[in-house]
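Novice: Sending over query-v5.cif (mmCIF, C-alpha atoms).
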```
data_entry
#
loop_
_atom_site.group_PDB
_atom_site.id
_atom_site.type_symbol
_atom_site.label_atom_id
_atom_site.label_comp_id
_atom_site.auth_asym_id
_atom_site.auth_seq_id
_atom_site.Cartn_x
_atom_site.Cartn_y
_atom_site.Cartn_z
ATOM 1 C CA MET A 46 -38.669 17.983 -20.389
ATOM 2 C CA VAL A 47 -36.722 21.077 -19.478
ATOM 3 C CA LYS A 48 -38.869 24.132 -18.736
ATOM 4 C CA ILE A 49 -37.683 27.416 -20.270
ATOM 5 C CA TYR A 50 -39.290 30.809 -19.575
ATOM 6 C CA TYR A 51 -39.163 33.914 -21.772
ATOM 7 C CA ASP A 52 -40.345 37.543 -21.667
ATOM 8 C CA LYS A 53 -43.950 36.493 -22.221
ATOM 9 C CA ASP A 54 -43.813 34.476 -18.989
ATOM 10 C CA ALA A 55 -42.523 37.316 -16.815
ATOM 11 C CA ASP A 56 -44.205 40.494 -15.593
ATOM 12 C CA LEU A 57 -42.039 43.307 -14.207
ATOM 13 C CA ASN A 58 -45.093 44.728 -12.446
ATOM 14 C CA GLN A 59 -44.724 41.813 -10.036
ATOM 15 C CA LEU A 60 -41.836 43.735 -8.414
ATOM 16 C CA LYS A 61 -43.115 47.306 -8.739
ATOM 17 C CA GLY A 62 -43.337 49.117 -5.413
ATOM 18 C CA ARG A 63 -40.840 46.773 -3.776
ATOM 19 C CA ILE A 64 -37.250 47.570 -2.831
ATOM 20 C CA ILE A 65 -34.513 45.283 -4.126
ATOM 21 C CA ALA A 66 -31.195 45.231 -2.251
ATOM 22 C CA ILE A 67 -28.093 44.096 -4.108
ATOM 23 C CA VAL A 68 -25.615 43.039 -1.432
ATOM 24 C CA GLY A 69 -22.140 43.166 -2.941
ATOM 25 C CA TYR A 70 -21.278 45.463 -5.845
ATOM 26 C CA GLY A 71 -18.732 43.257 -7.578
ATOM 27 C CA ILE A 72 -18.900 42.328 -11.254
ATOM 28 C CA GLN A 73 -22.144 40.360 -10.923
ATOM 29 C CA GLY A 74 -23.673 42.804 -8.431
ATOM 30 C CA ARG A 75 -22.994 45.798 -10.640
ATOM 31 C CA GLY A 76 -24.440 44.166 -13.741
ATOM 32 C CA GLN A 77 -27.613 43.078 -12.012
ATOM 33 C CA ALA A 78 -28.112 46.343 -10.097
ATOM 34 C CA LEU A 79 -27.767 48.568 -13.162
ATOM 35 C CA ASN A 80 -30.012 46.369 -15.291
ATOM 36 C CA LEU A 81 -32.722 46.231 -12.638
ATOM 37 C CA ARG A 82 -32.622 49.992 -12.162
ATOM 38 C CA GLU A 83 -32.859 50.611 -15.891
ATOM 39 C CA SER A 84 -35.825 48.235 -15.996
ATOM 40 C CA GLY A 85 -37.633 50.690 -13.729
ATOM 41 C CA LEU A 86 -37.221 48.832 -10.449
ATOM 42 C CA ASN A 87 -36.263 50.316 -7.083
ATOM 43 C CA VAL A 88 -32.706 49.212 -6.294
ATOM 44 C CA ILE A 89 -30.419 49.923 -3.354
ATOM 45 C CA VAL A 90 -26.835 48.707 -2.988
ATOM 46 C CA ALA A 91 -24.979 47.371 0.029
ATOM 47 C CA GLN A 92 -21.207 47.674 -0.206
ATOM 48 C CA ARG A 93 -18.442 48.182 2.328
ATOM 49 C CA GLU A 94 -17.307 51.798 2.499
ATOM 50 C CA GLY A 95 -13.702 52.414 1.539
ATOM 51 C CA SER A 96 -13.603 49.727 -1.131
ATOM 52 C CA ALA A 97 -13.124 50.238 -4.859
ATOM 53 C CA ASN A 98 -16.561 48.723 -5.438
ATOM 54 C CA TYR A 99 -18.071 51.297 -3.072
ATOM 55 C CA ASP A 100 -16.563 54.110 -5.135
ATOM 56 C CA ARG A 101 -17.790 52.501 -8.332
ATOM 57 C CA ALA A 102 -21.334 52.228 -6.962
ATOM 58 C CA VAL A 103 -21.247 55.923 -6.088
ATOM 59 C CA ALA A 104 -19.962 56.757 -9.577
ATOM 60 C CA ASP A 105 -22.871 54.737 -10.993
ATOM 61 C CA GLY A 106 -25.347 56.886 -9.072
ATOM 62 C CA PHE A 107 -26.080 54.667 -6.081
ATOM 63 C CA LYS A 108 -25.805 55.632 -2.415
ATOM 64 C CA PRO A 109 -24.335 52.456 -0.874
ATOM 65 C CA VAL A 110 -25.287 51.467 2.664
ATOM 66 C CA ASP A 111 -24.145 48.647 4.932
ATOM 67 C CA ALA A 112 -25.679 45.197 4.543
ATOM 68 C CA ALA A 113 -27.817 45.415 7.678
ATOM 69 C CA THR A 114 -29.382 48.705 6.584
ATOM 70 C CA ALA A 115 -30.049 47.344 3.112
ATOM 71 C CA ALA A 116 -31.624 44.164 4.486
ATOM 72 C CA LYS A 117 -33.835 46.186 6.819
ATOM 73 C CA LYS A 118 -35.075 48.511 4.060
ATOM 74 C CA ALA A 119 -35.483 45.968 1.295
ATOM 75 C CA ASP A 120 -38.286 43.592 0.421
ATOM 76 C CA ILE A 121 -36.010 41.473 -1.778
ATOM 77 C CA ILE A 122 -32.417 40.830 -0.698
ATOM 78 C CA GLN A 123 -30.023 39.479 -3.321
ATOM 79 C CA ILE A 124 -26.704 38.269 -1.823
ATOM 80 C CA LEU A 125 -23.921 38.552 -4.398
ATOM 81 C CA THR A 126 -20.800 38.352 -2.251
ATOM 82 C CA GLN A 127 -18.415 35.407 -2.596
ATOM 83 C CA ASP A 128 -19.624 32.024 -1.323
ATOM 84 C CA HIS A 129 -17.241 31.785 1.611
ATOM 85 C CA VAL A 130 -18.373 35.069 3.209
ATOM 86 C CA GLN A 131 -22.123 34.753 2.674
ATOM 87 C CA ALA A 132 -22.927 32.710 5.781
ATOM 88 C CA GLU A 133 -21.127 35.101 8.144
ATOM 89 C CA LEU A 134 -22.657 38.116 6.408
ATOM 90 C CA TYR A 135 -26.108 36.557 6.714
ATOM 91 C CA LYS A 136 -25.597 35.801 10.387
ATOM 92 C CA LYS A 137 -24.276 39.269 11.273
ATOM 93 C CA ALA A 138 -26.341 41.583 9.078
ATOM 94 C CA ILE A 139 -29.251 39.923 7.327
ATOM 95 C CA ARG A 140 -30.870 37.257 9.495
ATOM 96 C CA ARG A 141 -32.290 39.657 12.087
ATOM 97 C CA ASN A 142 -33.797 41.787 9.313
ATOM 98 C CA LEU A 143 -35.579 38.941 7.528
ATOM 99 C CA LYS A 144 -39.208 39.555 8.416
ATOM 100 C CA ALA A 145 -42.157 37.501 7.203
ATOM 101 C CA GLY A 146 -42.995 38.287 3.601
ATOM 102 C CA LYS A 147 -39.471 39.235 2.578
ATOM 103 C CA THR A 148 -37.438 37.406 -0.050
ATOM 104 C CA LEU A 149 -33.885 36.106 0.000
ATOM 105 C CA VAL A 150 -32.203 35.676 -3.389
ATOM 106 C CA PHE A 151 -29.016 34.031 -4.622
ATOM 107 C CA SER A 152 -27.183 33.561 -7.909
ATOM 108 C CA HIS A 153 -25.478 30.380 -6.704
ATOM 109 C CA GLY A 154 -26.970 27.763 -4.396
ATOM 110 C CA PHE A 155 -23.897 26.780 -2.341
ATOM 111 C CA ASN A 156 -24.893 28.235 1.036
ATOM 112 C CA ILE A 157 -28.531 27.163 0.869
ATOM 113 C CA HIS A 158 -27.867 23.675 -0.470
ATOM 114 C CA PHE A 159 -25.141 22.940 2.075
ATOM 115 C CA LYS A 160 -27.180 24.544 4.861
ATOM 116 C CA GLN A 161 -24.678 27.244 5.747
ATOM 117 C CA ILE A 162 -27.658 29.605 5.539
ATOM 118 C CA VAL A 163 -30.994 28.341 6.862
ATOM 119 C CA PRO A 164 -33.625 31.075 6.343
ATOM 120 C CA PRO A 165 -36.842 31.255 8.371
ATOM 121 C CA THR A 166 -39.757 29.422 6.783
ATOM 122 C CA ASP A 167 -41.907 32.555 6.367
ATOM 123 C CA VAL A 168 -39.707 34.118 3.661
ATOM 124 C CA ASP A 169 -39.347 33.243 -0.019
ATOM 125 C CA VAL A 170 -35.980 31.890 -1.117
ATOM 126 C CA TRP A 171 -35.105 31.627 -4.800
ATOM 127 C CA MET A 172 -32.261 31.835 -7.244
ATOM 128 C CA ILE A 173 -31.658 33.590 -10.531
ATOM 129 C CA ALA A 174 -28.268 32.533 -11.850
ATOM 130 C CA PRO A 175 -27.041 34.193 -15.059
ATOM 131 C CA LYS A 176 -24.848 31.843 -17.085
ATOM 132 C CA GLY A 177 -22.223 34.476 -17.648
ATOM 133 C CA PRO A 178 -20.209 37.106 -15.746
ATOM 134 C CA GLY A 179 -21.842 40.339 -14.663
ATOM 135 C CA SER A 180 -19.972 42.279 -17.333
ATOM 136 C CA LEU A 181 -21.642 40.142 -20.009
ATOM 137 C CA VAL A 182 -25.026 40.452 -18.268
ATOM 138 C CA ARG A 183 -24.612 44.212 -18.456
ATOM 139 C CA ARG A 184 -23.281 44.385 -22.010
ATOM 140 C CA GLU A 185 -25.985 42.163 -23.477
ATOM 141 C CA PHE A 186 -28.698 44.117 -21.657
ATOM 142 C CA GLU A 187 -27.386 47.404 -23.049
ATOM 143 C CA GLN A 188 -27.528 45.887 -26.542
ATOM 144 C CA GLY A 189 -31.160 44.860 -26.099
ATOM 145 C CA LYS A 190 -30.287 41.201 -25.585
ATOM 146 C CA GLY A 191 -29.772 38.984 -22.554
ATOM 147 C CA VAL A 192 -27.779 36.190 -20.945
ATOM 148 C CA PRO A 193 -29.567 32.878 -20.275
ATOM 149 C CA CYS A 194 -30.326 32.276 -16.590
ATOM 150 C CA LEU A 195 -31.291 29.449 -14.276
ATOM 151 C CA VAL A 196 -34.245 29.771 -11.904
ATOM 152 C CA ALA A 197 -34.806 27.694 -8.781
ATOM 153 C CA ILE A 198 -37.304 27.985 -5.933
ATOM 154 C CA HIS A 199 -36.197 26.809 -2.485
ATOM 155 C CA GLN A 200 -39.057 28.252 -0.408
ATOM 156 C CA ASP A 201 -42.368 29.627 -1.634
ATOM 157 C CA ALA A 202 -43.909 31.139 1.486
ATOM 158 C CA SER A 203 -45.792 33.785 -0.499
ATOM 159 C CA GLY A 204 -47.222 31.506 -3.157
ATOM 160 C CA HIS A 205 -45.806 33.700 -5.930
ATOM 161 C CA ALA A 206 -42.060 33.064 -5.634
ATOM 162 C CA LEU A 207 -41.723 31.835 -9.222
ATOM 163 C CA LYS A 208 -43.539 34.883 -10.607
ATOM 164 C CA ASP A 209 -41.226 37.137 -8.579
ATOM 165 C CA ALA A 210 -38.126 35.263 -9.705
ATOM 166 C CA LEU A 211 -39.107 35.460 -13.375
ATOM 167 C CA ALA A 212 -39.851 39.176 -13.017
ATOM 168 C CA TYR A 213 -36.353 39.618 -11.542
ATOM 169 C CA ALA A 214 -34.878 37.618 -14.416
ATOM 170 C CA ARG A 215 -36.684 39.883 -16.853
ATOM 171 C CA GLY A 216 -35.314 42.903 -15.006
ATOM 172 C CA ILE A 217 -31.735 41.809 -15.675
ATOM 173 C CA GLY A 218 -32.489 40.733 -19.247
ATOM 174 C CA GLY A 219 -32.466 36.984 -18.696
ATOM 175 C CA THR A 220 -35.899 36.219 -20.140
ATOM 176 C CA ARG A 221 -34.837 37.754 -23.453
ATOM 177 C CA ALA A 222 -32.537 34.753 -23.909
ATOM 178 C CA GLY A 223 -34.388 32.156 -21.822
ATOM 179 C CA VAL A 224 -34.549 31.064 -18.186
ATOM 180 C CA ILE A 225 -34.176 27.352 -17.464
ATOM 181 C CA GLU A 226 -35.898 25.833 -14.448
ATOM 182 C CA THR A 227 -33.675 23.860 -12.075
ATOM 183 C CA THR A 228 -33.187 23.240 -8.346
ATOM 184 C CA PHE A 229 -30.674 24.549 -5.819
ATOM 185 C CA LYS A 230 -29.283 21.011 -5.592
ATOM 186 C CA GLU A 231 -28.812 20.583 -9.336
ATOM 187 C CA GLU A 232 -27.327 24.036 -9.910
ATOM 188 C CA THR A 233 -24.900 23.781 -7.007
ATOM 189 C CA GLU A 234 -23.648 20.273 -7.634
ATOM 190 C CA THR A 235 -23.244 20.629 -11.396
ATOM 191 C CA ASP A 236 -21.570 24.030 -10.992
ATOM 192 C CA LEU A 237 -18.988 22.724 -8.511
ATOM 193 C CA PHE A 238 -18.323 19.592 -10.535
ATOM 194 C CA GLY A 239 -17.895 21.558 -13.764
ATOM 195 C CA GLU A 240 -15.426 23.949 -12.140
ATOM 196 C CA GLN A 241 -13.366 21.179 -10.576
ATOM 197 C CA ALA A 242 -13.336 18.494 -13.272
ATOM 198 C CA VAL A 243 -13.468 20.531 -16.492
ATOM 199 C CA LEU A 244 -13.557 24.326 -16.533
ATOM 200 C CA CYS A 245 -10.852 25.166 -14.005
ATOM 201 C CA GLY A 246 -9.285 22.074 -12.439
ATOM 202 C CA GLY A 247 -9.286 19.826 -15.478
ATOM 203 C CA THR A 248 -8.321 22.497 -17.969
ATOM 204 C CA SER A 249 -5.533 24.177 -15.998
ATOM 205 C CA GLU A 250 -3.935 20.853 -15.088
ATOM 206 C CA LEU A 251 -4.167 19.624 -18.695
ATOM 207 C CA ILE A 252 -2.480 22.813 -19.933
ATOM 208 C CA ARG A 253 0.373 22.539 -17.430
ATOM 209 C CA ALA A 254 0.859 18.829 -18.108
ATOM 210 C CA GLY A 255 1.041 19.375 -21.870
ATOM 211 C CA PHE A 256 3.399 22.323 -21.469
ATOM 212 C CA GLN A 257 5.706 20.395 -19.146
ATOM 213 C CA THR A 258 5.729 17.346 -21.420
ATOM 214 C CA LEU A 259 7.070 19.430 -24.296
ATOM 215 C CA VAL A 260 9.574 21.359 -22.185
ATOM 216 C CA ASP A 261 10.894 18.171 -20.570
ATOM 217 C CA ALA A 262 11.342 16.741 -24.077
ATOM 218 C CA GLY A 263 13.641 19.648 -24.956
ATOM 219 C CA TYR A 264 11.301 21.981 -26.831
ATOM 220 C CA GLN A 265 11.449 25.735 -26.216
ATOM 221 C CA PRO A 266 9.010 26.843 -23.471
ATOM 222 C CA GLU A 267 7.810 29.674 -25.712
ATOM 223 C CA ILE A 268 6.708 27.195 -28.373
ATOM 224 C CA ALA A 269 5.165 24.912 -25.728
ATOM 225 C CA TYR A 270 3.220 27.892 -24.353
ATOM 226 C CA PHE A 271 1.757 28.716 -27.750
ATOM 227 C CA GLU A 272 0.756 25.116 -28.505
ATOM 228 C CA CYS A 273 -0.686 24.164 -25.107
ATOM 229 C CA LEU A 274 -2.096 27.416 -23.687
ATOM 230 C CA HIS A 275 -2.341 30.236 -26.196
ATOM 231 C CA GLU A 276 -4.133 28.299 -28.927
ATOM 232 C CA LEU A 277 -6.623 26.808 -26.482
ATOM 233 C CA LYS A 278 -8.741 29.956 -26.788
ATOM 234 C CA LEU A 279 -9.048 29.459 -30.520
ATOM 235 C CA ILE A 280 -10.455 25.967 -30.009
ATOM 236 C CA VAL A 281 -12.696 26.919 -27.088
ATOM 237 C CA ASP A 282 -14.149 29.799 -29.100
ATOM 238 C CA LEU A 283 -15.043 27.383 -31.903
ATOM 239 C CA ILE A 284 -16.665 24.971 -29.437
ATOM 240 C CA TYR A 285 -18.494 27.863 -27.761
ATOM 241 C CA GLU A 286 -19.884 29.055 -31.080
ATOM 242 C CA ASP A 287 -20.738 25.746 -32.737
ATOM 243 C CA GLY A 288 -20.254 22.784 -30.388
ATOM 244 C CA ILE A 289 -17.624 20.061 -30.550
ATOM 245 C CA THR A 290 -18.777 18.781 -33.937
ATOM 246 C CA GLY A 291 -18.735 22.316 -35.308
ATOM 247 C CA MET A 292 -15.193 22.825 -34.006
ATOM 248 C CA ARG A 293 -14.029 19.615 -35.680
ATOM 249 C CA LYS A 294 -15.404 20.838 -39.009
ATOM 250 C CA ARG A 295 -13.400 24.044 -38.714
ATOM 251 C CA VAL A 296 -9.980 22.638 -37.858
ATOM 252 C CA SER A 297 -7.702 20.652 -40.166
ATOM 253 C CA ASP A 298 -8.403 16.983 -40.878
ATOM 254 C CA THR A 299 -5.083 16.229 -39.225
ATOM 255 C CA ALA A 300 -6.223 17.951 -36.024
ATOM 256 C CA GLU A 301 -9.616 16.254 -36.123
ATOM 257 C CA TYR A 302 -8.080 12.799 -36.601
ATOM 258 C CA GLY A 303 -5.669 13.435 -33.715
ATOM 259 C CA ASP A 304 -8.618 14.628 -31.609
ATOM 260 C CA CYS A 305 -10.678 11.487 -32.234
ATOM 261 C CA THR A 306 -7.853 8.960 -31.885
ATOM 262 C CA ARG A 307 -5.660 10.447 -29.146
ATOM 263 C CA GLY A 308 -8.179 12.297 -26.966
ATOM 264 C CA PRO A 309 -9.552 9.059 -25.445
ATOM 265 C CA ARG A 310 -5.991 8.120 -24.482
ATOM 266 C CA ILE A 311 -5.800 11.258 -22.327
ATOM 267 C CA ILE A 312 -9.285 11.011 -20.818
ATOM 268 C CA THR A 313 -9.085 7.340 -19.895
ATOM 269 C CA GLU A 314 -11.373 5.099 -17.870
ATOM 270 C CA ARG A 315 -9.255 5.966 -14.845
ATOM 271 C CA THR A 316 -9.926 9.673 -15.477
ATOM 272 C CA ARG A 317 -13.655 9.020 -15.761
ATOM 273 C CA LYS A 318 -13.644 7.120 -12.466
ATOM 274 C CA GLU A 319 -11.853 10.030 -10.816
ATOM 275 C CA MET A 320 -14.504 12.379 -12.209
ATOM 276 C CA GLN A 321 -17.187 10.169 -10.653
ATOM 277 C CA LYS A 322 -15.315 10.322 -7.360
ATOM 278 C CA ILE A 323 -15.139 14.127 -7.540
ATOM 279 C CA LEU A 324 -18.868 14.280 -8.258
ATOM 280 C CA LYS A 325 -19.603 12.082 -5.227
ATOM 281 C CA GLU A 326 -17.472 14.374 -3.054
ATOM 282 C CA VAL A 327 -19.584 17.305 -4.244
ATOM 283 C CA GLN A 328 -22.890 15.459 -3.753
ATOM 284 C CA SER A 329 -22.027 14.218 -0.262
ATOM 285 C CA GLY A 330 -20.944 17.668 0.907
ATOM 286 C CA LYS A 331 -17.346 16.503 1.455
ATOM 287 C CA PHE A 332 -15.941 19.270 -0.758
ATOM 288 C CA ALA A 333 -18.172 21.906 0.855
ATOM 289 C CA ARG A 334 -17.101 20.870 4.359
ATOM 290 C CA GLU A 335 -13.449 20.917 3.292
ATOM 291 C CA TRP A 336 -13.763 24.410 1.779
ATOM 292 C CA ILE A 337 -15.674 25.788 4.765
ATOM 293 C CA ARG A 338 -13.079 24.348 7.166
ATOM 294 C CA GLU A 339 -10.229 25.753 5.051
ATOM 295 C CA ASN A 340 -11.694 29.252 5.353
ATOM 296 C CA LYS A 341 -12.233 28.916 9.100
ATOM 297 C CA LEU A 342 -8.565 27.942 9.498
ATOM 298 C CA GLY A 343 -7.402 31.019 7.596
ATOM 299 C CA ARG A 344 -6.827 29.296 4.240
ATOM 300 C CA PRO A 345 -3.353 27.783 4.868
ATOM 301 C CA LYS A 346 -3.643 25.049 2.220
ATOM 302 C CA PHE A 347 -5.350 27.303 -0.310
ATOM 303 C CA SER A 348 -2.733 30.033 0.111
ATOM 304 C CA GLN A 349 0.093 27.550 -0.433
ATOM 305 C CA LEU A 350 -1.590 26.022 -3.480
ATOM 306 C CA ARG A 351 -2.097 29.477 -4.965
ATOM 307 C CA LYS A 352 1.553 30.351 -4.318
ATOM 308 C CA ASP A 353 2.758 27.078 -5.838
ATOM 309 C CA GLY A 354 0.634 27.645 -8.944
ATOM 310 C CA GLU A 355 2.051 31.130 -9.412
ATOM 311 C CA GLN A 356 5.592 29.710 -9.320
ATOM 312 C CA HIS A 357 5.045 27.235 -12.176
ATOM 313 C CA SER A 358 7.341 27.872 -15.146
ATOM 314 C CA ILE A 359 4.373 28.463 -17.463
ATOM 315 C CA GLU A 360 3.537 31.545 -15.366
ATOM 316 C CA LYS A 361 7.046 32.911 -15.911
ATOM 317 C CA ILE A 362 7.024 32.626 -19.684
ATOM 318 C CA GLY A 363 3.388 33.750 -20.064
ATOM 319 C CA PRO A 364 3.741 37.457 -19.227
ATOM 320 C CA GLN A 365 6.667 37.819 -21.627
ATOM 321 C CA LEU A 366 4.707 36.332 -24.515
ATOM 322 C CA ARG A 367 1.470 38.141 -23.737
ATOM 323 C CA ASN A 368 3.333 41.427 -24.165
ATOM 324 C CA MET A 369 3.441 40.491 -27.840
ATOM 325 C CA PHE A 370 -0.352 40.377 -28.034
ATOM 326 C CA SER A 371 -1.473 43.899 -28.893
ATOM 327 C CA TRP A 372 -5.103 42.751 -28.992
ATOM 328 C CA ILE A 373 -5.193 41.936 -25.272
ATOM 329 C CA LYS A 374 -6.472 44.845 -23.218
ATOM 330 C CA LYS A 375 -4.156 45.857 -20.389
#
```
Starting from the file, give its structure as structure tokens.
Specialist:
Amino acid sequence: MVKIYYDKDADLNQLKGRIIAIVGYGIQGRGQALNLRESGLNVIVAQREGSANYDRAVADGFKPVDAATAAKKADIIQILTQDHVQAELYKKAIRRNLKAGKTLVFSHGFNIHFKQIVPPTDVDVWMIAPKGPGSLVRREFEQGKGVPCLVAIHQDASGHALKDALAYARGIGGTRAGVIETTFKEETETDLFGEQAVLCGGTSELIRAGFQTLVDAGYQPEIAYFECLHELKLIVDLIYEDGITGMRKRVSDTAEYGDCTRGPRIITERTRKEMQKILKEVQSGKFAREWIRENKLGRPKFSQLRKDGEQHSIEKIGPQLRNMFSWIKK
């Protein structure tokens, strides 16, 4: 049975009198820092001077310091930089300032699970992972609501790591919606698989393949764009709001019949086997090792893949059509 925690299970007093450092004032860092501060907790921010995020932190009333200073001052250190820079940041600025009794926090388990960061055994290590971007975490908090979170405990040196983690979740508004208990292993592996097979990799490749199929068959690229990319949001929004069955009830019978009869011809047994292979690459650490190596080499493959993606014909027609959409914020 899944364990879900709510406001009644979390006590903000657990963190009173302790300093929380938010390392990295990006979208997630900003949302969490502001929410924690408005929950009455003592928050400091670490952000590189000269960056746009540094200026934004100052505008929000913080006095940003470097990561080493923040780690030295803080009792709880939340690392919210991108995955590929966390290990080096930890090694250069945080590790030497991790004294017994301190706490190291993450919102994604990549570096702990794949042992790129190996904290000393006398500190707590836990994760609070909001299931939404920092902008949503902030907006929902301001409206008196919250974004569901995941909680995982990697090390409980203090004996009260879970209580601390739930208090932190309450501070960002997560316990208003519910906090689901998991592990660093489960969160990391399912997150990577979802990104690669469905959310990013699967979806973007499906869009491009559908678009190209229509264009190669002689249809106008503008029409192909609308049918294979633009309208995807309409369907995803329905699924998001009411599940797959709910979506099927809200589209035409023609669309639903096509969904049920043709969908399995796209996601075939071969596709499912490839998904299993991708999952095994995540579980074994093969993907993590590949990504870590790619960054150490200066990202040659990644840079080329990004460039190739930007040159696809769907990216040329997209900006022209999106200029027609007055409802999209520029």
Novice: Rank A:Asp105, A:Asp167, A:Asp304, A:Glu187 by their smallest atom-to-atom distance to Ile280 of chain A, using all atoms listed in the file, and report the top residue only.
Specialist: A:Asp304
Novice: Is it possible to get the residues within 9 Å of (-40.9, 36.0, 7.8) (coordinates as in the file, counting all atoms listed in the file) written as a list of chain:residue names?
Specialist: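 Here the neighbourhood of the point contains A:Leu143, A:Lys144, A:Ala145, A:Gly146, A:Lys147, A:Thr148, A:Pro164, A:Pro165, A:Thr166, A:Asp167, A:Val168, A:Asp169, A:Ala202.
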Novice: Evaluating the PyMOL selection byres ((chain A and resi 59) around 9) on the displayed file yields which residues, as a compact mmCIF listing (two decimals) with C-alpha atoms, in the coordinates of the input?
Specialist:
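Printed below is part.txt as written:
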```txt
# COMPACT_ATOMS: atom_id res chain seq x y z
CA ALA A 55 -42.52 37.32 -16.82
CA ASP A 56 -44.20 40.49 -15.59
CA LEU A 57 -42.04 43.31 -14.21
CA ASN A 58 -45.09 44.73 -12.45
CA LEU A 60 -41.84 43.74 -8.41
CA LYS A 61 -43.12 47.31 -8.74
CA GLY A 62 -43.34 49.12 -5.41
CA ARG A 63 -40.84 46.77 -3.78
CA LYS A 208 -43.54 34.88 -10.61
CA ASP A 209 -41.23 37.14 -8.58
CA ALA A 212 -39.85 39.18 -13.02
CA TYR A 213 -36.35 39.62 -11.54
```
Novice: Would you list the contacts of Ile323 of chain A as a PDB file with C-alpha atoms, in the frame of the given file, taking every protein, DNA or RNA residue within 9 Å and counting only C-alpha atoms, but skipping same-chain residues closer than 2 positions in sequence?
Specialist:
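New file around_17.pdb:
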```pdb
ATOM      1  CA  PHE A 238     -18.323  19.592 -10.535  1.00  0.00           C
ATOM      2  CA  GLN A 241     -13.366  21.179 -10.576  1.00  0.00           C
ATOM      3  CA  ALA A 242     -13.336  18.494 -13.272  1.00  0.00           C
ATOM      4  CA  LYS A 318     -13.644   7.120 -12.466  1.00  0.00           C
ATOM      5  CA  GLU A 319     -11.853  10.030 -10.816  1.00  0.00           C
ATOM      6  CA  MET A 320     -14.504  12.379 -12.209  1.00  0.00           C
ATOM      7  CA  GLN A 321     -17.187  10.169 -10.653  1.00  0.00           C
ATOM      8  CA  LYS A 325     -19.603  12.082  -5.227  1.00  0.00           C
ATOM      9  CA  GLU A 326     -17.472  14.374  -3.054  1.00  0.00           C
ATOM     10  CA  VAL A 327     -19.584  17.305  -4.244  1.00  0.00           C
ATOM     11  CA  GLN A 328     -22.890  15.459  -3.753  1.00  0.00           C
ATOM     12  CA  PHE A 332     -15.941  19.270  -0.758  1.00  0.00           C
TER      13      PHE A 332
END
```
Novice: Could you expand the PyMOL selection byres ((chain A and resi 84-94) around 7) into the explicit residues it covers here, written as a CSV table (one decimal) with C-alpha atoms, in the frame of the given file?
Specialist:
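The result, stored in expr00.csv:
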```csv
chain,number,residue,atom,x,y,z
A,61,LYS,CA,-43.1,47.3,-8.7
A,63,ARG,CA,-40.8,46.8,-3.8
A,64,ILE,CA,-37.2,47.6,-2.8
A,65,ILE,CA,-34.5,45.3,-4.1
A,66,ALA,CA,-31.2,45.2,-2.3
A,67,ILE,CA,-28.1,44.1,-4.1
A,68,VAL,CA,-25.6,43.0,-1.4
A,69,GLY,CA,-22.1,43.2,-2.9
A,70,TYR,CA,-21.3,45.5,-5.8
A,78,ALA,CA,-28.1,46.3,-10.1
A,80,ASN,CA,-30.0,46.4,-15.3
A,81,LEU,CA,-32.7,46.2,-12.6
A,82,ARG,CA,-32.6,50.0,-12.2
A,83,GLU,CA,-32.9,50.6,-15.9
A,95,GLY,CA,-13.7,52.4,1.5
A,96,SER,CA,-13.6,49.7,-1.1
A,99,TYR,CA,-18.1,51.3,-3.1
A,107,PHE,CA,-26.1,54.7,-6.1
A,109,PRO,CA,-24.3,52.5,-0.9
A,110,VAL,CA,-25.3,51.5,2.7
A,111,ASP,CA,-24.1,48.6,4.9
A,112,ALA,CA,-25.7,45.2,4.5
A,115,ALA,CA,-30.0,47.3,3.1
A,216,GLY,CA,-35.3,42.9,-15.0
```
Novice: So what does the PyMOL selection byres ((chain A and resi 232) around 9) actually pick up in this one, as a VMD selection string?
Specialist: chain A and resid 153 to 155 174 195 197 227 to 231 233 to 237
Novice: Work out how far atom CA of Val170 of chain A is from atom CA of Ile198 of chain A, in Å to one decimal.
Specialist: 6.3 Å
Novice: In Å, with one decimal, what is the gap from atom CA of Arg367 of chain A to atom CA of Ala269 of chain A?
Specialist: 13.9 Å
Novice: At a cut-off of 12 Å, using all atoms listed in the file, what residues contact Thr248 of chain A? Leave out same-chain residues fewer than 2 positions from it and give the result as an MDAnalysis selection string.
Specialist: chainID A and resid 239:246 250:255 273:274 277:278 281 312
Novice: Provide the atom CA of Tyr302 of chain A to atom CA of Leu279 of chain A distance in Å, to one decimal place.
Specialist: 17.8 Å
Novice: Pick the closest to Phe256 of chain A from A:Ala104, A:Ala138, A:Ile359, A:Leu181: which is it, counting all atoms listed in the file?
Specialist: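 Counting all atoms listed in the file, the residue closest to Phe256 of chain A is A:Ile359.
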Novice: Let me know the centre plus edge lengths, in Å and rounded to one decimal, of a box with edges along x, y and z that contains all listed atoms of segment 127-146 of chain A and is padded by 6 Å on every side, as AutoDock Vina command-line options.
Specialist:
```
--center_x -30.1 --center_y 36.8 --center_z 4.7 --size_x 37.8 --size_y 22.0 --size_z 26.7
```
Novice: Between A:Asp128, A:Arg338, A:Ile362, A:Pro193, which is the closest to Gln265 of chain A once you count all atoms listed in the file?
Specialist: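 Checking each candidate against Gln265 of chain A, we get A:Ile362 as the closest.
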Novice: Considering only C-alpha atoms, can you say which of A:Ile225, A:Ala116, A:Leu366, A:Lys137 comes closest to Val47 of chain A?
Specialist: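 Between A:Ile225, A:Ala116, A:Leu366, A:Lys137, the residue approaching Val47 of chain A most closely is A:Ile225.
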Novice: Excluding Val150 of chain A and residues on its chain fewer than 6 positions from it, collect all residues at most 6 Å away from it, counting all atoms listed in the file, and give them as JSON, numbers by chain.
Specialist: {"A": [122, 123, 170, 171, 172]}
Novice: Could you give me, as a VMD selection string, the residues within 10 Å of Lys53 of chain A, counting all atoms listed in the file and dropping anything in the same chain fewer than 5 positions from it?
Specialist: chain A and resid 215 220 to 221
